[in-house]
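A.B. asks: If you scroll down you'll find the structure; I have some questions about it.
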Amino acid sequence: MKFIKIFIITVGMSLLTVGAAMAENSLQSGAKALSFGIADSDILISGRLLLQHDLAVLAGVGFDHSSNNDSTSDYGLTAGIRKYIKTSDLAPFVGGVISYHRNDIIVPTTGGTNVESEKTFALNGVAGLEYFFTK
């Protein structure tokens with residue numbers, strides 16, 4: 001279950017830059033994009049900076065807090081690079097993303113509370129398309 005959540009956060013951060021890129025509509029050196037998203041109860045914030053007209057760096061952060069019988073806090077950080085194959089209105093890209101995820105579970109016990117932590121590093125390949133509606 002935790003792996004699925006990490007995967008969704010990583011993919012979501014990568015894909016959410018599409019919305020901001022449509023508003024930008026320029027694959028020019030120095031162009032920036034910032035995206036916000038909500039997936040389930042996770043909040044995702046990501047950004048992109050074009051170093052060249054066909055090369056971008058990505059960064060993102062995600063977090064979540066939920067409370068049922070146990071209290072859970074999730075934090076995630078991502079960083080990556082994206083290479084655009086074409087820079088036309090339909091711009092296919094490939095790239096890679098490295099991510100760190102931490103999940104803290106606070107479990108009430110008879111003597112107080114117990115904190116269980118999981119930490120995960122992941123390296124993912126990404127591929128996709130961005131379409132620019134306006135010039």
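The chains in the structure tokens are called A, B, ... from first to last as shown; in each chain the residues are counted from 1, and the ligands are counted from 1 in the order shown.
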Residues near segment 40-52 of chain A, anyone? I mean within 6 Å using only C-alpha atoms, not counting same-chain ones fewer than 4 positions away, as a list in words.
C.D. replies: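 In the requested format, the answer is Met13, Ser29, Gly30, Ala31, Lys32, Ala33, Leu34, Ser35, Phe36, Ala56, Val57, Leu58, Ala59, Gly60, Val61, Gly62, Phe63 and Asp64 of chain A.
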A.B. asks: Excluding His65 of chain A and residues on its chain fewer than 6 positions from it, collect all residues at most 9 Å away from it, counting only C-alpha atoms, and give them as a list in words.
C.D. replies: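 Counting only the stated atoms, we get Ser41, Asp42, Ser71, Thr72, Ser73, Asp74 and Tyr75 of chain A.
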A.B. asks: Between atom CA of Leu77 of chain A and atom CA of Gly95 of chain A, what is the distance in Å, rounded to a tenth?
C.D. replies: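 Computing the Euclidean distance for atom CA of Leu77 of chain A and atom CA of Gly95 of chain A yields 16.7 Å.
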A.B. asks: Near Ser88 of chain A, within 9 Å and counting only C-alpha atoms, which residues show up once chain neighbours fewer than 6 positions away are dropped, as a ChimeraX atom specification?
C.D. replies: /A:27,131-132
A.B. asks: Which distance in Å separates atom CA of Arg82 of chain A and atom CA of Lys119 of chain A, to one decimal?
C.D. replies: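 Distance between the two atoms: 25.3 Å.
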